[in-house]
>>> print(open('run.cif').read())   # mmCIF, C-alpha atoms and all ligand atoms
data_start
#
loop_
_atom_site.label_atom_id
_atom_site.label_comp_id
_atom_site.auth_asym_id
_atom_site.auth_seq_id
_atom_site.Cartn_x
_atom_site.Cartn_y
_atom_site.Cartn_z
CA MET A 21 -4.69 -20.95 8.56
CA GLU A 22 -4.60 -17.54 10.25
CA PRO A 23 -2.06 -15.34 8.50
CA LYS A 24 -1.10 -13.56 11.69
CA ALA A 25 -0.21 -16.77 13.54
CA ASP A 26 2.74 -17.59 11.28
CA ASP A 27 6.22 -16.14 11.46
CA HIS A 28 6.55 -14.58 8.01
CA ARG A 29 9.66 -12.59 8.77
CA PRO A 30 12.38 -14.85 7.33
CA ARG A 31 10.59 -15.06 3.95
CA TRP A 32 9.53 -11.43 3.97
CA GLU A 33 13.15 -10.39 4.56
CA GLY A 34 13.88 -12.06 1.19
CA LEU A 35 11.04 -10.11 -0.42
CA LEU A 36 12.42 -6.85 1.00
CA GLU A 37 15.74 -7.71 -0.58
CA GLN A 38 14.00 -8.29 -3.92
CA ILE A 39 12.21 -4.94 -3.56
CA ARG A 40 15.52 -3.19 -2.81
CA ARG A 41 16.97 -4.68 -5.99
CA THR A 42 13.88 -3.67 -8.01
CA VAL A 43 14.15 -0.08 -6.74
CA GLY A 44 17.86 -0.04 -7.61
CA ARG A 45 17.17 -0.91 -11.25
CA ASP A 46 17.02 1.64 -14.03
CA GLY A 47 13.53 2.38 -15.26
CA PHE A 48 10.51 4.59 -14.96
CA ARG A 49 9.15 5.08 -11.47
CA ASP A 50 5.71 3.71 -12.26
CA GLU A 51 7.12 0.55 -13.85
CA ILE A 52 9.18 -0.08 -10.73
CA LEU A 53 6.18 0.56 -8.47
CA LEU A 54 4.05 -1.79 -10.58
CA SER A 55 6.64 -4.57 -10.21
CA ILE A 56 6.53 -4.10 -6.45
CA CYS A 57 2.71 -4.27 -6.41
CA ARG A 58 2.80 -7.50 -8.42
CA LEU A 59 5.42 -9.00 -6.16
CA LEU A 60 3.44 -8.16 -3.02
CA ARG A 61 0.19 -9.55 -4.40
CA ASN A 62 1.72 -12.68 -5.89
CA GLU A 63 3.93 -13.61 -2.96
CA ILE A 64 1.74 -12.88 0.04
CA ASP A 65 -1.45 -14.91 0.21
CA HIS A 66 -3.53 -12.44 2.20
CA TYR A 67 -2.62 -9.46 -0.02
CA ASP A 68 -5.35 -9.43 -2.67
CA TRP A 69 -4.88 -5.88 -3.97
CA ALA A 70 -1.70 -3.84 -3.73
CA GLY A 71 -1.35 -0.33 -5.05
CA PHE A 72 0.02 3.15 -4.61
CA TYR A 73 -1.97 6.35 -4.30
CA LEU A 74 0.01 9.51 -5.12
CA VAL A 75 -0.50 12.59 -2.96
CA ASP A 76 -1.55 15.87 -4.58
CA ALA A 77 -1.01 18.11 -1.55
CA ASP A 78 -2.25 21.31 -3.23
CA ARG A 79 -5.64 19.75 -4.02
CA LYS A 80 -5.67 17.61 -0.86
CA MET A 81 -6.33 14.68 -3.14
CA LEU A 82 -5.00 11.15 -3.68
CA ARG A 83 -4.57 9.97 -7.24
CA LEU A 84 -4.43 6.27 -8.14
CA GLY A 85 -0.97 5.19 -9.24
CA PRO A 86 0.35 1.73 -10.18
CA TYR A 87 -1.58 -1.18 -8.68
CA ASP A 88 -2.15 -4.90 -9.07
CA GLY A 89 -5.56 -6.42 -8.43
CA ALA A 90 -9.15 -5.79 -9.40
CA PRO A 91 -9.76 -2.48 -11.20
CA THR A 92 -11.06 0.25 -8.91
CA ARG A 93 -13.29 3.22 -9.67
CA HIS A 94 -11.60 5.21 -6.90
CA LEU A 95 -9.16 7.00 -9.19
CA GLU A 96 -9.14 10.09 -7.00
CA ILE A 97 -9.84 10.21 -3.27
CA PRO A 98 -10.18 13.49 -1.33
CA PHE A 99 -8.28 13.71 1.97
CA GLY A 100 -10.60 12.56 4.76
CA GLN A 101 -12.61 10.12 2.60
CA GLY A 102 -12.38 6.36 3.16
CA VAL A 103 -9.42 4.63 4.72
CA CYS A 104 -6.88 6.10 2.30
CA GLY A 105 -8.17 9.65 2.66
CA LEU A 106 -8.28 9.35 6.42
CA ALA A 107 -4.69 8.08 6.52
CA ALA A 108 -3.69 11.07 4.33
CA GLU A 109 -5.45 13.51 6.65
CA LYS A 110 -3.93 11.96 9.77
CA ARG A 111 -0.55 11.45 8.07
CA ARG A 112 -0.19 7.99 9.53
CA ALA A 113 -0.67 4.28 8.80
CA LEU A 114 -4.17 2.86 9.27
CA MET A 115 -4.94 -0.81 9.84
CA VAL A 116 -8.61 -1.69 9.40
CA PRO A 117 -9.44 -5.23 10.56
CA ASP A 118 -13.07 -5.05 9.34
CA VAL A 119 -13.91 -2.58 6.57
CA SER A 120 -17.66 -3.04 7.15
CA ARG A 121 -17.22 -0.99 10.34
CA VAL A 122 -15.82 2.07 8.55
CA ALA A 123 -18.59 4.64 8.03
CA ASN A 124 -17.38 6.26 4.80
CA TYR A 125 -15.53 3.24 3.41
CA LEU A 126 -14.78 3.41 -0.33
CA SER A 127 -15.28 -0.13 -1.53
CA CYS A 128 -13.27 -1.40 -4.50
CA SER A 129 -14.75 -4.87 -4.33
CA PRO A 130 -17.34 -6.55 -2.09
CA ARG A 131 -14.74 -9.26 -1.41
CA VAL A 132 -12.43 -6.92 0.50
CA GLN A 133 -12.71 -7.43 4.24
CA SER A 134 -9.67 -5.73 5.72
CA GLU A 135 -7.26 -3.05 4.60
CA PHE A 136 -3.91 -1.56 5.55
CA VAL A 137 -2.61 1.82 4.36
CA VAL A 138 0.96 3.00 4.94
CA PRO A 139 2.16 6.50 4.01
CA VAL A 140 5.40 7.10 2.12
CA PHE A 141 7.21 10.14 3.54
CA VAL A 142 10.00 11.99 1.78
CA GLY A 143 11.23 13.90 4.83
CA GLU A 144 8.16 15.76 6.07
CA ARG A 145 6.34 15.53 2.74
CA MET A 146 3.81 12.72 2.36
CA ALA A 147 4.36 11.69 -1.26
CA ALA A 148 2.25 8.55 -1.56
CA GLU A 149 0.40 5.78 0.20
CA LEU A 150 0.87 2.05 -0.14
CA ASP A 151 -2.59 0.45 0.08
CA ILE A 152 -3.17 -3.27 0.65
CA ASP A 153 -6.61 -4.92 0.58
CA SER A 154 -7.35 -8.42 1.83
CA HIS A 155 -10.27 -10.77 1.26
CA THR A 156 -9.57 -12.13 4.75
CA LEU A 157 -11.15 -10.56 7.80
CA ASP A 158 -8.61 -9.16 10.29
CA ALA A 159 -5.77 -10.22 7.99
CA PHE A 160 -3.05 -7.83 9.16
CA GLY A 161 -0.84 -7.89 12.23
CA ALA A 162 2.34 -6.48 13.66
CA GLN A 163 4.48 -8.33 11.11
CA ASP A 164 2.57 -6.75 8.22
CA LYS A 165 3.06 -3.33 9.79
CA GLU A 166 6.81 -3.86 10.15
CA PHE A 167 7.06 -5.28 6.62
CA LEU A 168 4.93 -2.66 4.83
CA GLU A 169 6.65 0.20 6.66
CA SER A 170 9.95 -1.23 5.44
CA VAL A 171 8.57 -1.34 1.87
CA ALA A 172 7.49 2.31 2.24
CA GLU A 173 11.00 3.25 3.39
CA ILE A 174 12.61 1.39 0.48
CA VAL A 175 10.51 3.17 -2.17
CA VAL A 176 11.05 6.67 -0.73
CA GLY A 177 13.90 7.40 -3.14
CA LEU A 178 11.52 6.96 -6.09
CA PHE A 179 9.51 9.96 -4.90
CA SER A 180 12.35 12.36 -4.15
CA GLU A 181 12.93 15.36 -6.42
CA ASP A 182 15.88 13.71 -8.17
CA GLY A 183 14.36 10.22 -8.32
CA PRO A 184 13.35 8.46 -11.57
CA ARG A 185 10.33 9.80 -13.48
N1 LIG A 201 -10.82 1.19 0.16
C1 LIG A 201 -10.10 2.41 -0.03
C2 LIG A 201 -10.21 2.89 -1.45
C3 LIG A 201 -9.15 2.37 -2.31
S1 LIG A 201 -9.38 0.77 -2.78
O1 LIG A 201 -9.23 -0.10 -1.62
C4 LIG A 201 -8.35 0.35 -3.95
C5 LIG A 201 -10.57 3.47 0.94
O2 LIG A 201 -11.57 3.29 1.63
O3 LIG A 201 -9.93 4.49 1.00
#
>>> encode(input="run.cif", output="structure tokens", more="lines below")
Ligand code: SME
Amino acid sequence: MEPKADDHRPRWEGLLEQIRRTVGRDGFRDEILLSICRLLRNEIDHYDWAGFYLVDADRKMLRLGPYDGAPTRHLEIPFGQGVCGLAAEKRRALMVPDVSRVANYLSCSPRVQSEFVVPVFVGERMAAELDIDSHTLDAFGAQDKEFLESVAEIVVGLFSEDGPR
């Protein structure tokens, strides 16, 4: 079944509500982010890896934060490298239907076929990226974009100066 052909929105609205509740809980930021990664990966069939990269603007570097899925050796990614680094440089979401077509792709696993990266902005400051990998080719569509951008908006408060540590 093609993931994009279904209307996921009613169920995903419930997941957004769960994510809002998770963000509203007391706790350390990284524990909350990890819960969100687990929820995304467990609940959405075509999300096979879900994680956050944290932006180190001074070094123009992304640093791996909480994630759920296969371990990755890409603990740090310079701006401009791979899909995540490119999204950081361009300061915008990137949807890659076929990762084999990306010249400087940073592979976490040979099973990954498509990827979607969404930045998390605190005002003008890009604080993090939400990165989703899929083992399905061309897995992501407009509904994923709408959904993942909503997730990024919900977690913004965790990255503000007075958010949880
Ligand atoms: N594939 C990413 C690297 C991060 S992993 O997917 C976890 C990239 O090309 O930036």
>>> atom_distance(input="run.cif", atom1="CA of Arg41 (chain A)", atom2="CA of Leu59 (chain A)")
12.3 Å
>>> residues_around(input="run.cif", residues="Ser170 (chain A)", least_positions_apart="4", cutoff="12 Å", atoms="only C-alpha atoms", output="count of residues only")
20
>>> closest_residue(input="run.cif", among="A:Arg93, A:Ala148, A:Ser180, A:His155", to="Leu126 (chain A)", atoms="only C-alpha atoms")
A:Arg93
>>> atom_distance(input="run.cif", atom1="CA of Gln101 (chain A)", atom2="CA of Gln133 (chain A)")
17.6 Å
>>> closest_residue(input="run.cif", among="A:Met146, A:Ile97, A:Ile64, A:Leu54", to="ligand LIG 201 (chain A)", atoms="all atoms listed in the file")
A:Ile97
>>> build_atoms(input="run.cif", residues="region 161-172 of chain A", atoms="all heavy atoms", output="tab-separated table (two decimals), keeping the file's coordinate frame")
chain	number	residue	atom	x	y	z
A	161	GLY	N	-1.37	-7.94	10.87
A	161	GLY	CA	-0.84	-7.89	12.23
A	161	GLY	C	0.45	-7.10	12.28
A	161	GLY	O	0.81	-6.40	11.33
A	162	ALA	N	1.13	-7.25	13.41
A	162	ALA	CA	2.34	-6.48	13.66
A	162	ALA	C	3.42	-6.76	12.60
A	162	ALA	O	4.19	-5.87	12.22
A	162	ALA	CB	2.88	-6.79	15.04
A	163	GLN	N	3.46	-8.00	12.11
A	163	GLN	CA	4.48	-8.33	11.11
A	163	GLN	C	4.21	-7.61	9.78
A	163	GLN	O	5.14	-7.17	9.11
A	163	GLN	CB	4.53	-9.83	10.85
A	163	GLN	CG	5.10	-10.60	12.02
A	163	GLN	CD	5.18	-12.08	11.72
A	163	GLN	OE1	5.44	-12.50	10.60
A	163	GLN	NE2	4.95	-12.89	12.74
A	164	ASP	N	2.92	-7.49	9.44
A	164	ASP	CA	2.57	-6.75	8.22
A	164	ASP	C	2.98	-5.29	8.36
A	164	ASP	O	3.48	-4.67	7.42
A	164	ASP	CB	1.06	-6.83	7.95
A	164	ASP	CG	0.60	-8.24	7.68
A	164	ASP	OD1	0.28	-8.94	8.67
A	164	ASP	OD2	0.59	-8.66	6.52
A	165	LYS	N	2.74	-4.75	9.55
A	165	LYS	CA	3.06	-3.33	9.79
A	165	LYS	C	4.56	-3.11	9.59
A	165	LYS	O	4.98	-2.22	8.84
A	165	LYS	CB	2.63	-2.94	11.21
A	165	LYS	CG	2.85	-1.50	11.56
A	165	LYS	CD	2.22	-1.18	12.91
A	165	LYS	CE	2.21	0.30	13.20
A	165	LYS	NZ	3.52	0.93	13.20
A	166	GLU	N	5.34	-3.97	10.25
A	166	GLU	CA	6.81	-3.86	10.15
A	166	GLU	C	7.24	-4.00	8.68
A	166	GLU	O	8.04	-3.20	8.17
A	166	GLU	CB	7.41	-4.99	10.99
A	166	GLU	CG	8.87	-4.87	11.29
A	166	GLU	CD	9.32	-6.07	12.12
A	166	GLU	OE1	8.59	-6.46	13.05
A	166	GLU	OE2	10.38	-6.63	11.80
A	167	PHE	N	6.68	-4.99	8.01
A	167	PHE	CA	7.06	-5.28	6.62
A	167	PHE	C	6.66	-4.13	5.69
A	167	PHE	O	7.48	-3.63	4.90
A	167	PHE	CB	6.38	-6.58	6.20
A	167	PHE	CG	6.56	-6.93	4.75
A	167	PHE	CD1	7.80	-7.30	4.25
A	167	PHE	CD2	5.48	-6.89	3.88
A	167	PHE	CE1	7.97	-7.63	2.91
A	167	PHE	CE2	5.64	-7.21	2.54
A	167	PHE	CZ	6.89	-7.58	2.05
A	168	LEU	N	5.41	-3.68	5.77
A	168	LEU	CA	4.93	-2.66	4.83
A	168	LEU	C	5.59	-1.31	5.10
A	168	LEU	O	5.83	-0.53	4.18
A	168	LEU	CB	3.40	-2.57	4.88
A	168	LEU	CG	2.71	-3.82	4.33
A	168	LEU	CD1	1.22	-3.80	4.61
A	168	LEU	CD2	2.97	-3.98	2.83
A	169	GLU	N	5.91	-1.04	6.38
A	169	GLU	CA	6.65	0.20	6.66
A	169	GLU	C	8.05	0.12	6.07
A	169	GLU	O	8.59	1.12	5.59
A	169	GLU	CB	6.64	0.49	8.16
A	169	GLU	CG	5.26	0.99	8.59
A	169	GLU	CD	5.09	1.29	10.07
A	169	GLU	OE1	5.94	0.87	10.88
A	169	GLU	OE2	4.08	1.93	10.41
A	170	SER	N	8.63	-1.08	6.07
A	170	SER	CA	9.95	-1.23	5.44
A	170	SER	C	9.84	-1.02	3.93
A	170	SER	O	10.69	-0.38	3.33
A	170	SER	CB	10.52	-2.64	5.69
A	170	SER	OG	10.70	-2.84	7.06
A	171	VAL	N	8.76	-1.56	3.31
A	171	VAL	CA	8.57	-1.34	1.87
A	171	VAL	C	8.46	0.16	1.60
A	171	VAL	O	9.10	0.69	0.67
A	171	VAL	CB	7.30	-2.08	1.36
A	171	VAL	CG1	7.05	-1.74	-0.11
A	171	VAL	CG2	7.43	-3.59	1.55
A	172	ALA	N	7.67	0.85	2.43
A	172	ALA	CA	7.49	2.31	2.24
A	172	ALA	C	8.83	3.03	2.32
A	172	ALA	O	9.10	3.96	1.56
A	172	ALA	CB	6.49	2.85	3.26
